[in-house]
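A.B. asks: Can you read through this structure? Questions will come right after.
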Amino acid sequence: MESRQQPRRASRTARKWSLLFVLGTALIALSMILSSCAPSPQQQASQQSKAKLDNELHHAKDDLGIPDTLLKPIETQEQQIASGNSSAQDATANYNLLYSQLLGIEQTAAQTLKTQAVTDLQAFTTILNTRRSQGFTEINTYQARLDQALKNLNSATTAGDFAQLDAFVRQQTEALNALWPAYLKLQDFKATLHAVRLAGVNSSLSDSEYNADLQAFRDASSADRYQALVGVIDGQIMQLLADQTEALPFIGATMLSIFQSRIDQLNRWGEHSAAKTFQAQHDSDATDLASAKGLADYLTLAQLITKQSNAMVLPWARGQARDDLRQLQEQVNIAMARNPLVAYEYADSNVGIGNVQGEFNSAYDVNSYLQADADTRALLINLRAQQDNLNDPTVAWQPHKVDFQLMQTYGIMSGKVIIVSLAEQVARFYENGALVYWTYVTTGRYEKPTTPGSYYAMQKASPMEFKSSEPKSSPFWYAPTLINYAILFANYGFYLHDAWWRLRFGPGTNMPHYDPLAFNSGSHGCVNFPEDNMAWVYAWTPIGTPVEVY
């Protein structure tokens with residue numbers, strides 16, 4: 001028996017040691033696995049840098065209100081680092097670099113967005129004044145929105161404030177641009193209804209629809225609403241055709257007549273290529289109208305003419321802008337031939353015709369052509385005013401006829417208005433149509449002209465330090481200068497402000513002259529006032545006051 005028990009004890013011992021060996025090996029392997037999964041110091045640093053960057057991104061979005069457009073490049077690069085094959089050490093360095101860039105964006109975002117908001121406010125102002133000069137009564141609603149936007153600009157402090165303001169301003173500008181095609185479509189509907197009445201057909205239902213459309217138009221809605229109105233009117237015209245079968249020939253002839261009149265206008269504006277294409281379509285439509293028999297023929301033709309007319313909106317906007325630009329160029333040439341030292345602001349490549357020519361050349365859609373045209377019209381209106389004023393013998397300190405013409409054109413006869421005459425080097429101040437103050441000023445020199453146009457007082461500061469944007473090597477550089485009273489009015493950087501360093505103001509001071517205290521020429525684009533006079537202007541001028549520069 002004993003000889004058989006010994007082997008069994010040996011076997012149990014062997015198994016015991018074997019089990020211990022396996023467990024030990026497993027523990028060692030597990031330890032190695034856990035050791036290999038633990039982040040290295042470099043990986044930990046990378047994760048910490050990424051978390052720091054993410055926290056700052058949340059702060060920039062949620063607390064500072066910085067829009068995604070400014071933060072998107074940072075987020076895109078962060079994603080590329082996270083999904084890349086760079087080492088942990090390189091990733092840490094890249095995250096830290098992005099963090100530094102983000103801090104830079106946070107520090108400059110408010111100023112960047114403020115500049116953009118002011119630029120877009122100017123675009124809103126220009127298209128608003130253009131629509132006002134065209135006689136649109138809906139402008140009063142937009143004027144109230146502009147007044148509120150100007151107040152918001154003056155109270156804005158954070159990047160989020162300026163971003164929100166800019167988004168609102170852009171919406172209003174887009175709506176005023178979309179208003180024009182909707183207006184043309186309303187005219188189509190009106191002409192169609194007139195044709196129905198001439199045919200002796202009752203159009204009371206469609207008259208009600210037209211009145212509802214007109215009210216929707218006058219509600220000064222969003223751009224989307226105006227665009228939808230165009231589609232609604234197209235549908236109403238089609239329904240009118242279906243309902244008033246006895247008036248079909250009259251309606252078809254009217255639609256063709258409107259189409260032809262706009263083709264003729266394109267030709268007058270120099271849009272010959274587009275006009276040729278549309279003329280061929282019109283002639284084909286005329287043939288189809290002559291052979292039309294029943295409702296289906298007329299509906300098909302009406303839908304085709306509507307489609308062709310809608311396609312005309314872009315060349316129409318482009319042609320209108322081109323023709324106004326041509327007129328402006330003619331007026332600039334006439335003015336410069338008379339006296340190149342009087343209208344040089346309008347001939348300038350940065351603030352005059354060169355600026356709007358660049359806008360036109362870079363325009364690519366209906367809105368951009370309409371905006372270029374609005375800016376062109378503003379220059380054209382004010383240049384004509386300037387040239388008319390040259391023949392006015394009225395002394396500087398009395399009301400001028402041209403001042404009233406401008407105020408009437410832009411609908412600003414009530415309230416406070418500032419008029420700056422570049423040729424006279426004078427500013428006049430009106431309240432409810434009555435002259436209440438005047439002063440000599442100094443405007444931009446020949447190389448740095450003051451921008452003519454229609455503006456508003458956007459911001460006020462007292463005091464304010466001006467810093468030159470030019471390098472010290474430039475003849476236009478100036479040392480940081482403390483200004484006592486400053487009112488921002490145009491193209492971010494153009495102010496009405498005191499120039500305490502000047503001795504002379506008034507006629508000729510925008511040209512080379514001798515001044516023992518200051519620059520021997522005009523300003524760098526701002527409108528300079530004697531210090532005491534500017535103190536009065538600053539106290540008198542609320543945010544939103546119109547500023548006409550002609």
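By order in the structure tokens, chains are A, B, ...; within a chain, residues start at 1; ligands start at 1, following the order shown.
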Which residues are close to range 307-312 of chain A, i.e. within 9 Å by only C-alpha atoms, leaving aside same-chain residues fewer than 2 positions away? Reply as a list of chain:residue names.

C.D. replies: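 That gives A:Pro181, A:Lys185, A:Ile258, A:Phe259, A:Arg262, A:Ile263, A:Ala274, A:Phe278, A:Gln281, A:His282, A:Ala302, A:Gln303, A:Leu304, A:Ile305, A:Leu314, A:Pro315, A:Trp316, A:Ala317.
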
A.B. asks: I'd like to know which residues of range 444-548 of chain A are strand (DSSP E) (by DSSP, run on the backbone); could you write them as an MDAnalysis selection string?

C.D. replies: chainID A and resid 453:456 459:461 464:466 481:483 486:490 494:498 527:529 546:548

A.B. asks: Contacts of Gln77 in chain A at 12 Å or less, counting only C-alpha atoms, minus same-chain residues fewer than 3 places along, as a ChimeraX atom specification?

C.D. replies: /A:50,53,71-74,80-84,91,94-99,101-102

A.B. asks: So what do you get for CA of Val549 in chain A versus CA of Thr126 in chain A, distance-wise?

C.D. replies: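 Taking CA of Val549 in chain A and CA of Thr126 in chain A, their separation equals 12.9 Å.
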
A.B. asks: Would you mind listing, for every residue of range 111-166 of chain A within 12 Å of range 493-504 of chain A, the two atoms forming the shortest contact and the distance between them in Å to one decimal, using only C-alpha atoms, sorted by chain and ascending residue number, as a tab-separated table?

C.D. replies:
residue	atom	partner	partner_atom	distance
A:Lys114	CA	A:Gly493	CA	11.5
A:Thr115	CA	A:Gly493	CA	9.0
A:Val118	CA	A:Gly493	CA	9.8
A:Thr119	CA	A:Gly493	CA	10.3
A:Gln122	CA	A:Phe494	CA	12.0

A.B. asks: Could those selected residues go to a file with N, CA and C atoms, as an mmCIF file, in the first residue's frame?

C.D. replies:
data_model
loop_
_atom_site.group_PDB
_atom_site.id
_atom_site.type_symbol
_atom_site.label_atom_id
_atom_site.label_comp_id
_atom_site.auth_asym_id
_atom_site.auth_seq_id
_atom_site.Cartn_x
_atom_site.Cartn_y
_atom_site.Cartn_z
ATOM 1 N N LYS A 114 -16.585 94.367 -33.612
ATOM 2 C CA LYS A 114 -17.077 95.745 -33.614
ATOM 3 C C LYS A 114 -16.824 96.391 -34.972
ATOM 4 N N THR A 115 -15.628 96.204 -35.494
ATOM 5 C CA THR A 115 -15.292 96.755 -36.806
ATOM 6 C C THR A 115 -16.227 96.203 -37.878
ATOM 7 N N VAL A 118 -19.751 97.716 -37.508
ATOM 8 C CA VAL A 118 -19.816 99.089 -38.013
ATOM 9 C C VAL A 118 -19.848 99.097 -39.542
ATOM 10 N N THR A 119 -19.026 98.248 -40.153
ATOM 11 C CA THR A 119 -19.018 98.150 -41.616
ATOM 12 C C THR A 119 -20.381 97.716 -42.138
ATOM 13 N N GLN A 122 -22.975 100.369 -41.905
ATOM 14 C CA GLN A 122 -22.878 101.328 -43.005
ATOM 15 C C GLN A 122 -23.594 100.807 -44.253
#

A.B. asks: Please provide the set of residues having any atom within 10 Å of Ser462 in chain A, restricted to only C-alpha atoms, with same-chain residues fewer than 4 positions apart removed, written as a PyMOL selection string.

C.D. replies: chain A and resi 482-487+497+535+538

A.B. asks: How would the residues just picked look written out with N, CA and C atoms as a PDB file, in the first residue's frame?

C.D. replies:
ATOM      1  N   LEU A 482      -4.245 112.457 -27.984  1.00  0.00           N
ATOM      2  CA  LEU A 482      -5.455 112.467 -27.167  1.00  0.00           C
ATOM      3  C   LEU A 482      -6.475 113.419 -27.779  1.00  0.00           C
ATOM      4  N   ILE A 483      -7.672 112.893 -28.012  1.00  0.00           N
ATOM      5  CA  ILE A 483      -8.775 113.676 -28.558  1.00  0.00           C
ATOM      6  C   ILE A 483      -9.772 113.922 -27.430  1.00  0.00           C
ATOM      7  N   ASN A 484     -10.275 115.123 -27.342  1.00  0.00           N
ATOM      8  CA  ASN A 484     -11.214 115.447 -26.265  1.00  0.00           C
ATOM      9  C   ASN A 484     -12.635 114.976 -26.555  1.00  0.00           C
ATOM     10  N   TYR A 485     -13.062 115.120 -27.816  1.00  0.00           N
ATOM     11  CA  TYR A 485     -14.435 114.770 -28.190  1.00  0.00           C
ATOM     12  C   TYR A 485     -14.419 114.085 -29.557  1.00  0.00           C
ATOM     13  N   ALA A 486     -14.951 112.879 -29.615  1.00  0.00           N
ATOM     14  CA  ALA A 486     -14.936 112.120 -30.872  1.00  0.00           C
ATOM     15  C   ALA A 486     -16.289 111.457 -31.108  1.00  0.00           C
ATOM     16  N   ILE A 487     -16.786 111.562 -32.336  1.00  0.00           N
ATOM     17  CA  ILE A 487     -18.042 110.925 -32.737  1.00  0.00           C
ATOM     18  C   ILE A 487     -17.781 110.113 -34.001  1.00  0.00           C
ATOM     19  N   HIS A 497     -14.250 115.166 -34.821  1.00  0.00           N
ATOM     20  CA  HIS A 497     -13.508 115.327 -33.558  1.00  0.00           C
ATOM     21  C   HIS A 497     -12.797 116.671 -33.519  1.00  0.00           C
ATOM     22  N   ALA A 535     -16.904 120.714 -28.631  1.00  0.00           N
ATOM     23  CA  ALA A 535     -17.528 120.466 -27.335  1.00  0.00           C
ATOM     24  C   ALA A 535     -19.043 120.673 -27.445  1.00  0.00           C
ATOM     25  N   TYR A 538     -20.496 117.771 -29.579  1.00  0.00           N
ATOM     26  CA  TYR A 538     -20.526 116.515 -28.819  1.00  0.00           C
ATOM     27  C   TYR A 538     -21.733 116.478 -27.882  1.00  0.00           C
TER      28      TYR A 538
END

A.B. asks: Go through A:Gln371, A:Thr300, A:Gln44, A:Asn211 one by one, measure the shortest atom-to-atom distance of each to Thr173 in chain A using only C-alpha atoms, and give the residue with the smallest value.

C.D. replies: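 Closest to Thr173 in chain A of all the choices is A:Gln371.
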
A.B. asks: Excluding range 215-226 of chain A and residues on its chain fewer than 2 positions from it, collect all residues at most 9 Å away from it, counting only C-alpha atoms, and give them as a ChimeraX atom specification.

C.D. replies: /A:136-139,141-142,171-183,186,210-213,228-230

A.B. asks: If you count only C-alpha atoms, which residues fall within 8 Å of Thr254 in chain A, apart from same-chain ones fewer than 5 positions away, as a list in words?

C.D. replies: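 Neighbouring residues, sequence-local ones excluded: Ala191, Thr192 and Ala195 of chain A.
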
A.B. asks: If we count only C-alpha atoms and set the cut-off at 6 Å, which residues sit around range 427-433 of chain A, ignoring sequence neighbours fewer than 2 positions away in its own chain? Please answer as a PyMOL selection string.

C.D. replies: chain A and resi 413-420+435-439

A.B. asks: Could those selected residues go to a file with N, CA and C atoms, as a short mmCIF file (atom, residue, chain, number, x, y, z; two decimals), in the first residue's frame?

C.D. replies:
data_model
loop_
_atom_site.label_atom_id
_atom_site.label_comp_id
_atom_site.auth_asym_id
_atom_site.auth_seq_id
_atom_site.Cartn_x
_atom_site.Cartn_y
_atom_site.Cartn_z
N MET A 413 -36.00 115.46 -42.43
CA MET A 413 -36.34 116.85 -42.16
C MET A 413 -36.66 117.07 -40.68
N SER A 414 -37.09 116.03 -39.98
CA SER A 414 -37.37 116.17 -38.56
C SER A 414 -36.18 115.67 -37.75
N GLY A 415 -36.08 116.16 -36.51
CA GLY A 415 -34.98 115.76 -35.66
C GLY A 415 -33.70 116.51 -35.97
N LYS A 416 -32.60 116.00 -35.44
CA LYS A 416 -31.30 116.64 -35.62
C LYS A 416 -30.55 116.06 -36.81
N VAL A 417 -29.86 116.93 -37.55
CA VAL A 417 -29.11 116.52 -38.74
C VAL A 417 -27.82 117.32 -38.80
N ILE A 418 -26.73 116.64 -39.15
CA ILE A 418 -25.45 117.31 -39.36
C ILE A 418 -25.12 117.27 -40.85
N ILE A 419 -24.83 118.44 -41.42
CA ILE A 419 -24.46 118.56 -42.82
C ILE A 419 -23.02 119.04 -42.91
N VAL A 420 -22.18 118.29 -43.62
CA VAL A 420 -20.79 118.68 -43.82
C VAL A 420 -20.58 118.96 -45.30
N LEU A 435 -31.77 125.84 -38.92
CA LEU A 435 -30.34 125.90 -38.65
C LEU A 435 -30.11 126.40 -37.22
N VAL A 436 -29.36 125.64 -36.42
CA VAL A 436 -29.14 126.02 -35.02
C VAL A 436 -27.67 126.30 -34.72
N TYR A 437 -26.76 125.91 -35.63
CA TYR A 437 -25.34 126.11 -35.34
C TYR A 437 -24.56 125.88 -36.62
N TRP A 438 -23.39 126.47 -36.70
CA TRP A 438 -22.50 126.23 -37.83
C TRP A 438 -21.06 126.42 -37.36
N THR A 439 -20.12 125.86 -38.08
CA THR A 439 -18.70 126.04 -37.77
C THR A 439 -17.86 125.70 -38.98
#

A.B. asks: Would you give me, as a ChimeraX atom specification, the residues in range 119-227 of chain A that DSSP reads as alpha helix (DSSP H)?

C.D. replies: /A:119-133,139-155,159-198,204-218,223-227

A.B. asks: Could you dump the residues just selected with C-alpha atoms as a tab-separated table (two decimals), in the first residue's frame?

C.D. replies:
chain	number	residue	atom	x	y	z
A	119	THR	CA	-19.02	98.15	-41.62
A	120	ASP	CA	-22.28	96.24	-41.93
A	121	LEU	CA	-24.18	99.07	-40.26
A	122	GLN	CA	-22.88	101.33	-43.01
A	123	ALA	CA	-24.15	98.91	-45.66
A	124	PHE	CA	-27.55	98.86	-43.91
A	125	THR	CA	-27.57	102.67	-43.82
A	126	THR	CA	-26.75	102.98	-47.51
A	127	ILE	CA	-29.38	100.54	-48.78
A	128	LEU	CA	-31.93	102.08	-46.39
A	129	ASN	CA	-31.31	105.56	-47.75
A	130	THR	CA	-31.45	104.25	-51.32
A	131	ARG	CA	-34.83	102.65	-50.72
A	132	ARG	CA	-36.01	105.87	-49.06
A	133	SER	CA	-34.94	107.94	-52.06
A	139	ILE	CA	-38.59	102.48	-44.78
A	140	ASN	CA	-40.00	103.89	-41.55
A	141	THR	CA	-40.02	100.43	-40.03
A	142	TYR	CA	-36.43	99.82	-41.06
A	143	GLN	CA	-35.42	103.25	-39.80
A	144	ALA	CA	-36.69	102.30	-36.34
A	145	ARG	CA	-34.59	99.13	-36.54
A	146	LEU	CA	-31.55	101.14	-37.58
A	147	ASP	CA	-32.06	103.54	-34.67
A	148	GLN	CA	-32.18	100.60	-32.28
A	149	ALA	CA	-29.09	99.03	-33.85
A	150	LEU	CA	-27.17	102.27	-33.36
A	151	LYS	CA	-28.18	102.36	-29.69
A	152	ASN	CA	-27.11	98.74	-29.30
A	153	LEU	CA	-23.76	99.54	-30.88
A	154	ASN	CA	-23.16	102.29	-28.38
A	155	SER	CA	-23.95	100.00	-25.44
A	159	ALA	CA	-17.75	90.00	-28.51
A	160	GLY	CA	-21.16	88.40	-28.12
A	161	ASP	CA	-22.85	91.82	-28.11
A	162	PHE	CA	-21.17	92.83	-31.35
A	163	ALA	CA	-21.80	89.43	-32.99
A	164	GLN	CA	-25.50	89.60	-32.13
A	165	LEU	CA	-25.74	93.16	-33.41
A	166	ASP	CA	-23.98	92.27	-36.65
A	167	ALA	CA	-26.30	89.32	-37.29
A	168	PHE	CA	-29.34	91.59	-36.81
A	169	VAL	CA	-27.94	94.29	-39.11
A	170	ARG	CA	-27.14	91.78	-41.84
A	171	GLN	CA	-30.71	90.47	-41.70
A	172	GLN	CA	-32.09	93.97	-42.25
A	173	THR	CA	-29.76	94.62	-45.18
A	174	GLU	CA	-30.71	91.31	-46.79
A	175	ALA	CA	-34.38	92.17	-46.37
A	176	LEU	CA	-33.96	95.57	-48.02
A	177	ASN	CA	-32.18	93.88	-50.91
A	178	ALA	CA	-34.90	91.23	-51.23
A	179	LEU	CA	-37.53	93.97	-51.17
A	180	TRP	CA	-36.67	95.05	-54.71
A	181	PRO	CA	-37.47	91.77	-56.57
A	182	ALA	CA	-40.66	91.47	-54.51
A	183	TYR	CA	-41.62	95.00	-55.54
A	184	LEU	CA	-41.11	94.15	-59.22
A	185	LYS	CA	-43.30	91.08	-58.80
A	186	LEU	CA	-46.04	93.14	-57.17
A	187	GLN	CA	-45.95	95.43	-60.19
A	188	ASP	CA	-46.43	92.38	-62.43
A	189	PHE	CA	-49.50	91.33	-60.45
A	190	LYS	CA	-50.90	94.85	-60.54
A	191	ALA	CA	-50.49	95.05	-64.32
A	192	THR	CA	-52.12	91.63	-64.74
A	193	LEU	CA	-55.13	92.69	-62.71
A	194	HIS	CA	-55.40	95.81	-64.83
A	195	ALA	CA	-55.51	93.64	-67.95
A	196	VAL	CA	-58.29	91.55	-66.44
A	197	ARG	CA	-60.35	94.67	-65.72
A	198	LEU	CA	-59.83	95.93	-69.26
A	204	SER	CA	-62.49	91.15	-56.86
A	205	LEU	CA	-60.99	87.97	-55.40
A	206	SER	CA	-57.60	88.61	-56.97
A	207	ASP	CA	-57.83	92.25	-55.91
A	208	SER	CA	-58.13	91.04	-52.32
A	209	GLU	CA	-55.10	88.82	-52.80
A	210	TYR	CA	-53.13	91.73	-54.21
A	211	ASN	CA	-54.05	93.91	-51.23
A	212	ALA	CA	-52.95	91.13	-48.87
A	213	ASP	CA	-49.68	90.83	-50.76
A	214	LEU	CA	-49.21	94.58	-50.56
A	215	GLN	CA	-49.75	94.51	-46.81
A	216	ALA	CA	-47.27	91.67	-46.44
A	217	PHE	CA	-44.82	93.72	-48.45
A	218	ARG	CA	-45.35	96.76	-46.26
A	223	ALA	CA	-35.57	88.46	-46.67
A	224	ASP	CA	-37.08	84.95	-46.61
A	225	ARG	CA	-40.56	86.41	-46.37
A	226	TYR	CA	-39.99	88.69	-49.35
A	227	GLN	CA	-38.59	85.79	-51.35
